[in-house]
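Trainee: One structure, pasted below without further comment.
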Amino acid sequence: MVAISKIATGNGHGENSPYFDGWKAYETNPFHPTDRPDGVIQMGLAENQLCFSFVKKWVIEHPEASLCSAQGVNKFKETALFQDYHGMPEFRQAVAKFMGKVRGDRVKFDPERVVMSGGATGAHEMVAFCLADPGEAFLVPTPYYPGFDRDLRWRTGVELVPVVCESSNDFKITRNALETAYEKAKEADLRVKGLLITNPSNPLGTILDRETLKGIVKFINEKNIHLIGDEIYAATVFMEPEFVSISEIIEEVECNRDLIHIVYSLSKDMGFPGFRVGIVYSYNDSVVSCARKMSSFGLVSSQTQHLIASMLSDNDFVDSFIVESKKQLFKRHKYFTWSLSRVGIGSLKSNAGLFIWMDLRKLLKEKTLEAEMDLWRVIINEVKLNVSPGSSFHCNEPGWFRVCFANMDDHTMEVALLRIRTFMLKHNEAMVPQKLCRRSSLKLSLSRRRDGFMSPSIMSPHTPLPQSPLVRART
Amino acid sequence: MAIEIEKPSVGLSKVAVSETHGEDSPYFAGWKAYDENPYNESSNPSGVIQMGLAENQVSFDLLEKYLEEHSEASSWGKGAPGFRENALFQDYHGLKSFRQAMANFMEQIRGGRARFDPDRIVLTAGATAANELLTFILADPGDALLVPTPYYPGFDRDLRWRTGVKIVPIHCDSSNNFQVTPEAMEAAYRCAESMNLKVRGILITNPSNPLGATIQRTVLEQILDFATNKNIHLVSDEIYSGSTFSSSEFISIAEVLETRGYKDSERVHIVYSLSKDLGLPGFRVGTIYSYNDKVVTTARRMSSFTLISSQTQHLLACMLSNKEFSENYIKTNRERLTRRYDMIINGLKTAGIECLKGNAGLFCWMNLSPLLEEPTRESELALWKVILNEVRLNISPGSSCHCSEPGWFRVCFANMSEQTLEVALKRIHKLMEQRRRRN
């Protein structure tokens, strides 16, 4: 038998994590409204599917953006030949402009600093290769996206040291937590090269406030380490408070800009994960230069650069898309969290992202990882929802689950909520409030059908589902 | 007045500061000269003609015609019903229809003499990514891969830069048309051992870049035997397989394995791409075909860092599963490349320049050793500078391809119009005449 490398034989690919077990359950029995109404509903995938009709309309109205159309084929040859790792100038300009608009034009981005990568997955790995040697470390606040374990460590040999955040203060990143992590790394003989923050946060769905951001910038300058800001969810901030980007903070406080790097992508904000549009934006010239060379290993298809350049340079489209996307996310988030609260399920207060950080601590038999895993298995196998257990995000406290809400249509959402309600009723009858939940300021017109929700006889997924209460709401 | 205190800049990684990205090689210096003064038939007729870029521009009309006739299918259909699904598709298995189309295309190129299973195809963003990815899987940092010289300069970066793997050259020379021999392979292996390097594999390019020639069956057998003997991997980069001038002359390692009943095949891996055969380098379409299950699974997982845009997978799935189109393309592309090759070889011959007998690729391997002051690398580079600055042709010096024999140059002929090629040949004639007069 001919041997393969250590990297290949190890577990660095991360697929043995429970994060993926739920996917397997989903894949063997995926929900379909007519073909498989009892199937598992995928709520573990942070996709943004709420604005496709909007984008599709643009695509149909702009055939020249496609190289395949009669209007676009004249650009085919030059595009097909274009493999320059600088990327198409129009593409970089459009991306830089988009990034600015997403931040309310409070900052400008320089197209010359936009470097392509194979999705944000490729971007993170590329940044790790540029900033750290094998055996060196990045600090990462918990809970964090499970993919980081693979993206930052697998082929690079870089280590991750968690900055432990607690639910007691809504998982804020405190100076104390940063210092503790830094010391821990030192004790383990790990040289810390940088701090990676995801803002807006995955899985929390929250944004970092100005003070925290300033504190972080101060911290990294003092320790002279890099700051990588993953702002992949920047355009998903659907309500106040307003998003504050790293790019804005460094205009306000003293900072060595050579330490600042932003990772971005169109996978979440636009809902285009298939197009593999990853971006590394660095304020450090050497990093830009190095990353650009490395981007040869993960360039964005010029066909896609052409489409995106066209789409994102259409100011009217971009402006209305950003507004529409926020509107849809807000609506979905509000309805979802409200429906959950009606059956006594709370979640971390959030204003961004494609998911909520659901609090099921009180459903745990004990405050342990095993209890969380048990509950999770019940949710997958009995409730038939694939949600992501907090432990897969390295959350230090059991009982939290990330639940995605933007990757399905309204009907599927209703089915999911119905299943949750059934489950909660079965296990915690006392939890269901007798009166309307006061959280919402909406006045709902009551009807007998509302009581019908709770009656077991109407719980079968085959029954026509009740209309969304929001439809009848009067603010 | 504030005093500027210099803050020590926090270091980047060793990988970042190393020069293994290879851009300081003359291979790239010529590009700079071209970028600063590019030839244009009308606006800059005395500019530098780019003959250092192995691009295939001879068959674009065939692709454009396909697109014009099938615009809806290859885009997202009328009313774009497939847009959403396509934009969401990020499964690292890749679009099944695309893998199927690639497998069929690879079979067609080999005249049906080898079969390819779509489930063994792993997709990457270009052959650049494929070669790096395979290296990460087959070798540990500090290990070595054996590569016959002369070889594609990009390998220095692709195989070594971020992987930490080393390349030990298998020296080939003109005495036998630069063919790999068992003796040369053994010598390279011993050389690696003497440097305390663990050899993990041998990487061949077939058809060869920069030689522009296919590897003979007997040599392929010897290479496979050598790999089996030493229990190491064999990577066959077959990126130019569709650019052979005659279908029958190219023997793929896949055919050799087929003849052997696929015995002991899990050490063999094939790299392919559409950058050369289809002339689509911008679309970043690379593939790894491995006969080793563990390699397929691992490569697939690693491809997350470098997936092919689903938009591009969709377009090419449509195009390549159209049998009429693909068969006609392969045939016509071959004919045109052959014509181009004949044109340049005859043109050079008339100027008194010999080339290695080639039968594939987008370039010829030109012998200018008679023109060298001395048979040294320095002389070769001096001549190269003359050709770049005075004759104004960017061609690639053999030393940038690690050729052990000075005086050879790779000259690309498929990335320009026939008119431009004529201009280039005229300039070469002039140079040779000047040299003759001087002597």
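Residue numbering restarts at 1 in every chain; chains get A, B, ... in the order shown in the structure tokens, and ligands count up from 1 in that same order.
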Any chance you could list, as number ranges by chain, the residues in segment 341-419 of chain A that come up strand (DSSP E) when DSSP is run on the backbone?
Mentor: A: 346-347, 355-359, 385-386, 388-389, 400-404
Trainee: Contacts of Ile7 of chain A at 12 Å or less, counting only C-alpha atoms, minus same-chain residues fewer than 5 places along, as a list in words?
Mentor: Gly12, His13, Gly14, Arg150, Arg153, Trp154, Arg155, Thr156 and Gly157 of chain A; Leu133, Leu134, Thr135, Phe136, Ile137, Leu138, Ala139, Asp140, Pro141, Thr163, Val295, Thr298, Ala299, Arg301 and Met302 of chain B
Trainee: I need the residues from that last selection saved to file as a CSV table (one decimal), in the first residue's frame (with N, CA, C and O atoms), if you can.
Mentor:
chain,number,residue,atom,x,y,z
A,12,GLY,N,-8.1,16.5,10.2
A,12,GLY,CA,-8.2,17.9,10.0
A,12,GLY,C,-9.3,18.4,9.2
A,12,GLY,O,-9.7,19.6,9.2
A,13,HIS,N,-9.9,17.5,8.4
A,13,HIS,CA,-11.0,17.9,7.5
A,13,HIS,C,-12.2,18.2,8.3
A,13,HIS,O,-13.2,18.8,7.8
A,14,GLY,N,-12.2,17.8,9.6
A,14,GLY,CA,-13.3,18.1,10.5
A,14,GLY,C,-14.6,17.5,10.3
A,14,GLY,O,-15.6,17.8,11.0
A,150,ARG,N,-11.2,23.6,10.4
A,150,ARG,CA,-10.6,23.1,9.2
A,150,ARG,C,-9.9,24.2,8.4
A,150,ARG,O,-8.8,24.1,8.0
A,153,ARG,N,-6.7,25.6,10.1
A,153,ARG,CA,-5.7,24.7,10.7
A,153,ARG,C,-5.3,23.5,9.8
A,153,ARG,O,-4.1,23.1,9.9
A,154,TRP,N,-6.2,23.0,9.0
A,154,TRP,CA,-5.9,21.7,8.4
A,154,TRP,C,-4.6,21.7,7.6
A,154,TRP,O,-3.7,20.9,8.0
A,155,ARG,N,-4.5,22.5,6.5
A,155,ARG,CA,-3.3,22.4,5.7
A,155,ARG,C,-2.2,23.4,6.2
A,155,ARG,O,-1.1,23.3,5.7
A,156,THR,N,-2.6,24.3,7.0
A,156,THR,CA,-1.6,25.3,7.4
A,156,THR,C,-0.8,24.9,8.6
A,156,THR,O,0.3,25.4,8.9
A,157,GLY,N,-1.4,24.0,9.5
A,157,GLY,CA,-0.7,23.6,10.7
A,157,GLY,C,-0.8,24.7,11.8
A,157,GLY,O,-0.1,24.7,12.8
B,133,LEU,N,-3.0,20.6,-4.5
B,133,LEU,CA,-3.8,19.8,-3.6
B,133,LEU,C,-3.3,18.4,-3.5
B,133,LEU,O,-3.2,17.8,-2.5
B,134,LEU,N,-3.0,17.8,-4.7
B,134,LEU,CA,-2.4,16.5,-4.7
B,134,LEU,C,-1.1,16.4,-3.9
B,134,LEU,O,-0.9,15.4,-3.2
B,135,THR,N,-0.3,17.4,-4.0
B,135,THR,CA,0.9,17.4,-3.3
B,135,THR,C,0.7,17.4,-1.8
B,135,THR,O,1.4,16.6,-1.0
B,136,PHE,N,-0.3,18.1,-1.3
B,136,PHE,CA,-0.6,18.2,0.1
B,136,PHE,C,-1.1,16.8,0.6
B,136,PHE,O,-0.9,16.4,1.7
B,137,ILE,N,-1.7,16.0,-0.4
B,137,ILE,CA,-2.2,14.7,0.0
B,137,ILE,C,-1.2,13.6,-0.1
B,137,ILE,O,-1.2,12.6,0.7
B,138,LEU,N,-0.2,13.7,-1.0
B,138,LEU,CA,0.7,12.6,-1.3
B,138,LEU,C,2.0,12.8,-0.5
B,138,LEU,O,2.7,11.8,-0.3
B,139,ALA,N,2.3,14.0,0.0
B,139,ALA,CA,3.6,14.2,0.6
B,139,ALA,C,3.6,15.0,1.8
B,139,ALA,O,2.7,15.9,1.9
B,140,ASP,N,4.5,14.8,2.8
B,140,ASP,CA,4.6,15.7,3.9
B,140,ASP,C,5.6,16.8,3.7
B,140,ASP,O,6.5,16.6,2.8
B,141,PRO,N,5.5,17.9,4.5
B,141,PRO,CA,6.5,18.9,4.3
B,141,PRO,C,7.9,18.3,4.5
B,141,PRO,O,8.2,17.5,5.3
B,163,THR,N,3.2,24.0,0.4
B,163,THR,CA,3.2,22.6,0.9
B,163,THR,C,4.5,22.3,1.7
B,163,THR,O,4.5,21.4,2.5
B,295,VAL,N,-7.5,8.9,-1.6
B,295,VAL,CA,-7.1,10.2,-2.2
B,295,VAL,C,-8.3,10.9,-2.8
B,295,VAL,O,-8.5,12.1,-2.6
B,298,THR,N,-10.3,12.4,0.2
B,298,THR,CA,-9.5,13.6,0.8
B,298,THR,C,-9.5,14.8,-0.1
B,298,THR,O,-9.6,15.9,0.3
B,299,ALA,N,-9.2,14.5,-1.4
B,299,ALA,CA,-9.1,15.6,-2.4
B,299,ALA,C,-10.4,16.3,-2.5
B,299,ALA,O,-10.5,17.5,-2.6
B,301,ARG,N,-12.7,16.6,-0.2
B,301,ARG,CA,-12.8,17.5,1.0
B,301,ARG,C,-12.0,18.7,0.9
B,301,ARG,O,-12.4,19.8,1.2
B,302,MET,N,-10.7,18.6,0.4
B,302,MET,CA,-9.8,19.7,0.3
B,302,MET,C,-10.3,20.6,-0.8
B,302,MET,O,-9.9,21.8,-0.8
Trainee: May I have the residues of chain A within 7 Å of chain B, counting only C-alpha atoms, written as a ChimeraX atom specification?
Mentor: /A:2,4-8,13,52,56,60,66,68-70,73,77,79-83,118,121-122,129-133,224-225,271-276,290,297-299,301-304
Trainee: Please produce a file of those selected residues containing C-alpha atoms, as a PDB file, in the first residue's frame.
Mentor:
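Once everything was written out, this is selection29.pdb:
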ATOM      1  CA  VAL A   2       1.429   3.349  -0.982  1.00  0.00           C
ATOM      2  CA  ILE A   4      -0.347   9.292   1.765  1.00  0.00           C
ATOM      3  CA  SER A   5       0.508  12.364   3.837  1.00  0.00           C
ATOM      4  CA  LYS A   6      -0.183  13.033   7.519  1.00  0.00           C
ATOM      5  CA  ILE A   7      -2.492  15.866   6.544  1.00  0.00           C
ATOM      6  CA  ALA A   8      -4.480  13.420   4.431  1.00  0.00           C
ATOM      7  CA  HIS A  13     -10.997  17.867   7.505  1.00  0.00           C
ATOM      8  CA  PHE A  52     -33.852  35.142  -5.231  1.00  0.00           C
ATOM      9  CA  LYS A  56     -33.528  36.606 -10.867  1.00  0.00           C
ATOM     10  CA  ILE A  60     -33.387  38.155 -16.852  1.00  0.00           C
ATOM     11  CA  SER A  66     -24.120  36.350 -19.113  1.00  0.00           C
ATOM     12  CA  CYS A  68     -23.921  32.724 -22.970  1.00  0.00           C
ATOM     13  CA  SER A  69     -26.502  35.160 -24.306  1.00  0.00           C
ATOM     14  CA  ALA A  70     -26.570  36.791 -27.705  1.00  0.00           C
ATOM     15  CA  VAL A  73     -21.205  36.377 -26.196  1.00  0.00           C
ATOM     16  CA  LYS A  77     -13.229  35.183 -25.654  1.00  0.00           C
ATOM     17  CA  THR A  79     -13.264  36.775 -20.485  1.00  0.00           C
ATOM     18  CA  ALA A  80     -12.422  33.122 -21.017  1.00  0.00           C
ATOM     19  CA  LEU A  81      -8.773  34.032 -21.501  1.00  0.00           C
ATOM     20  CA  PHE A  82      -8.597  36.350 -18.493  1.00  0.00           C
ATOM     21  CA  GLN A  83      -6.696  34.536 -15.727  1.00  0.00           C
ATOM     22  CA  GLY A 118     -12.044  30.378  -3.401  1.00  0.00           C
ATOM     23  CA  THR A 121     -13.282  29.180   2.976  1.00  0.00           C
ATOM     24  CA  GLY A 122     -10.346  29.798   0.663  1.00  0.00           C
ATOM     25  CA  PHE A 129      -0.922  30.928   5.274  1.00  0.00           C
ATOM     26  CA  CYS A 130       0.141  34.564   4.946  1.00  0.00           C
ATOM     27  CA  LEU A 131       0.184  35.503   8.597  1.00  0.00           C
ATOM     28  CA  ALA A 132       1.237  32.446  10.573  1.00  0.00           C
ATOM     29  CA  ASP A 133       3.733  29.601  10.486  1.00  0.00           C
ATOM     30  CA  ASN A 224       1.162  43.635  18.102  1.00  0.00           C
ATOM     31  CA  ILE A 225      -0.897  40.842  16.558  1.00  0.00           C
ATOM     32  CA  GLY A 271     -26.977  34.117  -1.419  1.00  0.00           C
ATOM     33  CA  PHE A 272     -24.451  32.945  -4.000  1.00  0.00           C
ATOM     34  CA  PRO A 273     -22.407  30.238  -2.253  1.00  0.00           C
ATOM     35  CA  GLY A 274     -22.109  28.279  -5.496  1.00  0.00           C
ATOM     36  CA  PHE A 275     -20.292  31.091  -7.282  1.00  0.00           C
ATOM     37  CA  ARG A 276     -17.301  30.938  -4.921  1.00  0.00           C
ATOM     38  CA  CYS A 290       1.352  37.815  -1.094  1.00  0.00           C
ATOM     39  CA  PHE A 297      -4.866  28.540  -6.096  1.00  0.00           C
ATOM     40  CA  GLY A 298      -8.432  29.793  -5.859  1.00  0.00           C
ATOM     41  CA  LEU A 299      -9.289  32.468  -8.422  1.00  0.00           C
ATOM     42  CA  SER A 301     -14.082  32.142 -12.431  1.00  0.00           C
ATOM     43  CA  SER A 302     -13.827  35.018 -14.895  1.00  0.00           C
ATOM     44  CA  GLN A 303     -17.314  34.114 -16.103  1.00  0.00           C
ATOM     45  CA  THR A 304     -18.552  34.799 -12.582  1.00  0.00           C
TER      46      THR A 304
END
Trainee: I'd like the contact shell of Val403 of chain A - 9 Å cut-off, only C-alpha atoms, skipping same-chain residues fewer than 5 positions apart - returned as a ChimeraX atom specification.
Mentor: /A:43-46,203,354-358,386-388
Trainee: Since we have the selection now, will you write its residues out, keeping N, CA, C and O atoms, as a CSV table (one decimal), in the first residue's frame?
Mentor:
chain,number,residue,atom,x,y,z
A,43,MET,N,-32.2,22.9,9.0
A,43,MET,CA,-32.1,24.2,9.7
A,43,MET,C,-30.7,24.4,10.2
A,43,MET,O,-30.4,25.3,11.0
A,44,GLY,N,-29.8,23.6,9.6
A,44,GLY,CA,-28.4,23.7,10.0
A,44,GLY,C,-27.5,24.4,8.9
A,44,GLY,O,-26.3,24.4,9.0
A,45,LEU,N,-28.2,24.9,7.9
A,45,LEU,CA,-27.4,25.5,6.7
A,45,LEU,C,-27.7,27.0,6.6
A,45,LEU,O,-28.8,27.4,6.4
A,46,ALA,N,-26.7,27.7,6.9
A,46,ALA,CA,-26.8,29.2,6.9
A,46,ALA,C,-26.8,29.7,5.5
A,46,ALA,O,-25.8,30.3,5.0
A,203,PRO,N,-22.2,31.9,15.4
A,203,PRO,CA,-23.6,31.6,15.3
A,203,PRO,C,-24.6,32.5,16.1
A,203,PRO,O,-25.8,32.3,16.1
A,354,LEU,N,-28.3,34.8,9.5
A,354,LEU,CA,-29.4,34.0,8.9
A,354,LEU,C,-29.9,32.9,9.8
A,354,LEU,O,-30.4,31.9,9.4
A,355,PHE,N,-29.7,33.1,11.1
A,355,PHE,CA,-30.0,32.1,12.2
A,355,PHE,C,-30.2,32.8,13.5
A,355,PHE,O,-30.0,34.0,13.7
A,356,ILE,N,-30.8,32.0,14.4
A,356,ILE,CA,-30.9,32.5,15.8
A,356,ILE,C,-30.1,31.5,16.7
A,356,ILE,O,-29.9,30.4,16.3
A,357,TRP,N,-29.7,32.0,17.8
A,357,TRP,CA,-29.0,31.2,18.8
A,357,TRP,C,-30.0,30.9,19.9
A,357,TRP,O,-30.4,31.6,20.8
A,358,MET,N,-30.6,29.7,19.7
A,358,MET,CA,-31.8,29.2,20.5
A,358,MET,C,-31.3,28.7,21.8
A,358,MET,O,-30.4,27.9,21.9
A,386,ASN,N,-32.9,19.5,11.4
A,386,ASN,CA,-31.5,19.5,11.6
A,386,ASN,C,-31.1,20.9,12.1
A,386,ASN,O,-31.2,21.8,11.4
A,387,VAL,N,-30.8,20.9,13.4
A,387,VAL,CA,-30.2,22.2,14.0
A,387,VAL,C,-28.8,21.9,14.4
A,387,VAL,O,-28.4,20.8,14.5
A,388,SER,N,-28.1,22.9,14.7
A,388,SER,CA,-26.7,22.7,15.1
A,388,SER,C,-26.4,22.9,16.5
A,388,SER,O,-26.7,23.9,17.1
Trainee: May I have the residues within 8 Å of Arg292 of chain A as a list in words, using only C-alpha atoms and disregarding those fewer than 4 positions away in the same chain?
Mentor: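 Result of the neighbour search: Tyr85, His86, Val115, Met116, Val288 and Ser296 of chain A.
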Trainee: With distances taken over only C-alpha atoms, which residue among A:Phe330, A:Tyr145, A:Tyr182, A:Phe219 lies nearest Gly390 of chain A?
Mentor: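 So, comparing all the options, the nearest one is A:Tyr145.
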Trainee: If we count only C-alpha atoms and set the cut-off at 9 Å, which residues sit around segment 341-345 of chain B, ignoring sequence neighbours fewer than 3 positions away in its own chain? Please answer as a list in words.
Mentor: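 The neighbour list is Phe245, Arg336, Leu337, Thr338, Leu348, Lys349, Thr350, Ile353, Glu354, Cys355, Gly358, Asn359, Ala360, Leu362, Phe363, Cys364, Phe413, Ala414, Glu418, Leu421, Glu422 and Leu425 of chain B.
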Trainee: Restricting the calculation to only C-alpha atoms, which member of B:Tyr39, B:Gln179, B:Ser174, B:Gly361 is positioned closest to Thr218 of chain B?
Mentor: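 Ranking B:Tyr39, B:Gln179, B:Ser174, B:Gly361 by distance to Thr218 of chain B, first place goes to B:Gln179.
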Trainee: To test your reading of the structure, identify every residue in segment 132-263 of chain B that backbone DSSP assigns to helix (DSSP H, G or I), and report it as number ranges by chain.
Mentor: B: 132-138, 154-158, 174-176, 182-194, 217-230, 241-243, 247-249, 253-259
Trainee: Could you check how far atom CA of Glu405 of chain B sits from atom CA of Ser379 of chain B, in Å to one decimal?
Mentor: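 That distance, rounded to one decimal, is 11.6 Å.
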Trainee: Could you list, as a list in words, every residue within 9 Å of Asn381 of chain A, counting only C-alpha atoms and ignoring same-chain residues fewer than 4 positions away?
Mentor: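 Contacts, with the query itself left out: Ala25, Val40, Trp376, Arg377, Leu385 and Asn386 of chain A.
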Trainee: With N, CA and C atoms retained, write the just-selected residues as a compact mmCIF listing (two decimals), in the first residue's frame.
Mentor:
# COMPACT_ATOMS: atom_id res chain seq x y z
N ALA A 25 -28.15 12.95 8.50
CA ALA A 25 -29.56 12.59 8.76
C ALA A 25 -30.46 13.28 7.74
N VAL A 40 -36.57 15.25 7.20
CA VAL A 40 -35.87 16.18 8.09
C VAL A 40 -35.77 17.56 7.43
N TRP A 376 -30.14 16.95 21.22
CA TRP A 376 -29.96 17.17 19.78
C TRP A 376 -30.42 15.98 18.97
N ARG A 377 -30.11 14.78 19.46
CA ARG A 377 -30.54 13.57 18.73
C ARG A 377 -32.05 13.47 18.71
N LEU A 385 -35.76 17.92 12.73
CA LEU A 385 -35.17 19.19 12.30
C LEU A 385 -33.66 19.05 12.46
N ASN A 386 -32.93 19.47 11.45
CA ASN A 386 -31.49 19.49 11.63
C ASN A 386 -31.09 20.88 12.12
Trainee: At what distance in Å, to one decimal, does atom CA of Thr142 of chain A lie from atom CA of Val378 of chain A?
Mentor: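 Computing the Euclidean distance for atom CA of Val378 of chain A and atom CA of Thr142 of chain A yields 24.9 Å.
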Trainee: So that I can see what lies close to Ala144 of chain B, please list as number ranges by chain the residues with an atom at most 8 Å from it, counting only C-alpha atoms and leaving out residues fewer than 4 positions away in the same chain.
Mentor: B: 139, 165-168, 192, 197-201
Trainee: How would the residues just picked look written out with N, CA, C and O atoms as an mmCIF file, in the first residue's frame?
Mentor:
data_model
loop_
_atom_site.group_PDB
_atom_site.id
_atom_site.type_symbol
_atom_site.label_atom_id
_atom_site.label_comp_id
_atom_site.auth_asym_id
_atom_site.auth_seq_id
_atom_site.Cartn_x
_atom_site.Cartn_y
_atom_site.Cartn_z
ATOM 1 N N ALA B 139 2.347 13.963 -0.049
ATOM 2 C CA ALA B 139 3.649 14.161 0.585
ATOM 3 C C ALA B 139 3.563 15.045 1.812
ATOM 4 O O ALA B 139 2.695 15.905 1.910
ATOM 5 N N VAL B 165 6.996 20.965 0.254
ATOM 6 C CA VAL B 165 7.559 19.775 -0.390
ATOM 7 C C VAL B 165 8.656 20.213 -1.367
ATOM 8 O O VAL B 165 8.630 21.326 -1.886
ATOM 9 N N LYS B 166 9.642 19.353 -1.593
ATOM 10 C CA LYS B 166 10.753 19.719 -2.473
ATOM 11 C C LYS B 166 10.643 18.997 -3.825
ATOM 12 O O LYS B 166 10.040 17.930 -3.912
ATOM 13 N N ILE B 167 11.251 19.590 -4.839
ATOM 14 C CA ILE B 167 11.312 18.951 -6.154
ATOM 15 C C ILE B 167 12.747 18.501 -6.390
ATOM 16 O O ILE B 167 13.682 19.287 -6.232
ATOM 17 N N VAL B 168 12.917 17.227 -6.750
ATOM 18 C CA VAL B 168 14.234 16.740 -7.147
ATOM 19 C C VAL B 168 14.138 16.410 -8.632
ATOM 20 O O VAL B 168 13.299 15.601 -9.036
ATOM 21 N N ALA B 192 18.054 12.285 -4.097
ATOM 22 C CA ALA B 192 17.136 12.648 -3.014
ATOM 23 C C ALA B 192 17.569 11.976 -1.719
ATOM 24 O O ALA B 192 17.612 12.595 -0.664
ATOM 25 N N LEU B 197 16.133 13.176 1.722
ATOM 26 C CA LEU B 197 14.748 13.508 1.381
ATOM 27 C C LEU B 197 13.983 12.233 1.066
ATOM 28 O O LEU B 197 14.449 11.393 0.311
ATOM 29 N N LYS B 198 12.786 12.150 1.639
ATOM 30 C CA LYS B 198 11.953 10.983 1.380
ATOM 31 C C LYS B 198 11.163 11.247 0.097
ATOM 32 O O LYS B 198 10.384 12.198 0.020
ATOM 33 N N VAL B 199 11.370 10.400 -0.902
ATOM 34 C CA VAL B 199 10.649 10.572 -2.163
ATOM 35 C C VAL B 199 9.251 9.985 -2.038
ATOM 36 O O VAL B 199 9.083 8.817 -1.678
ATOM 37 N N ARG B 200 8.232 10.784 -2.325
ATOM 38 C CA ARG B 200 6.848 10.316 -2.189
ATOM 39 C C ARG B 200 6.186 10.051 -3.534
ATOM 40 O O ARG B 200 5.164 9.360 -3.599
ATOM 41 N N GLY B 201 6.749 10.641 -4.595
ATOM 42 C CA GLY B 201 6.097 10.435 -5.881
ATOM 43 C C GLY B 201 6.914 10.973 -7.032
ATOM 44 O O GLY B 201 7.921 11.654 -6.851
#
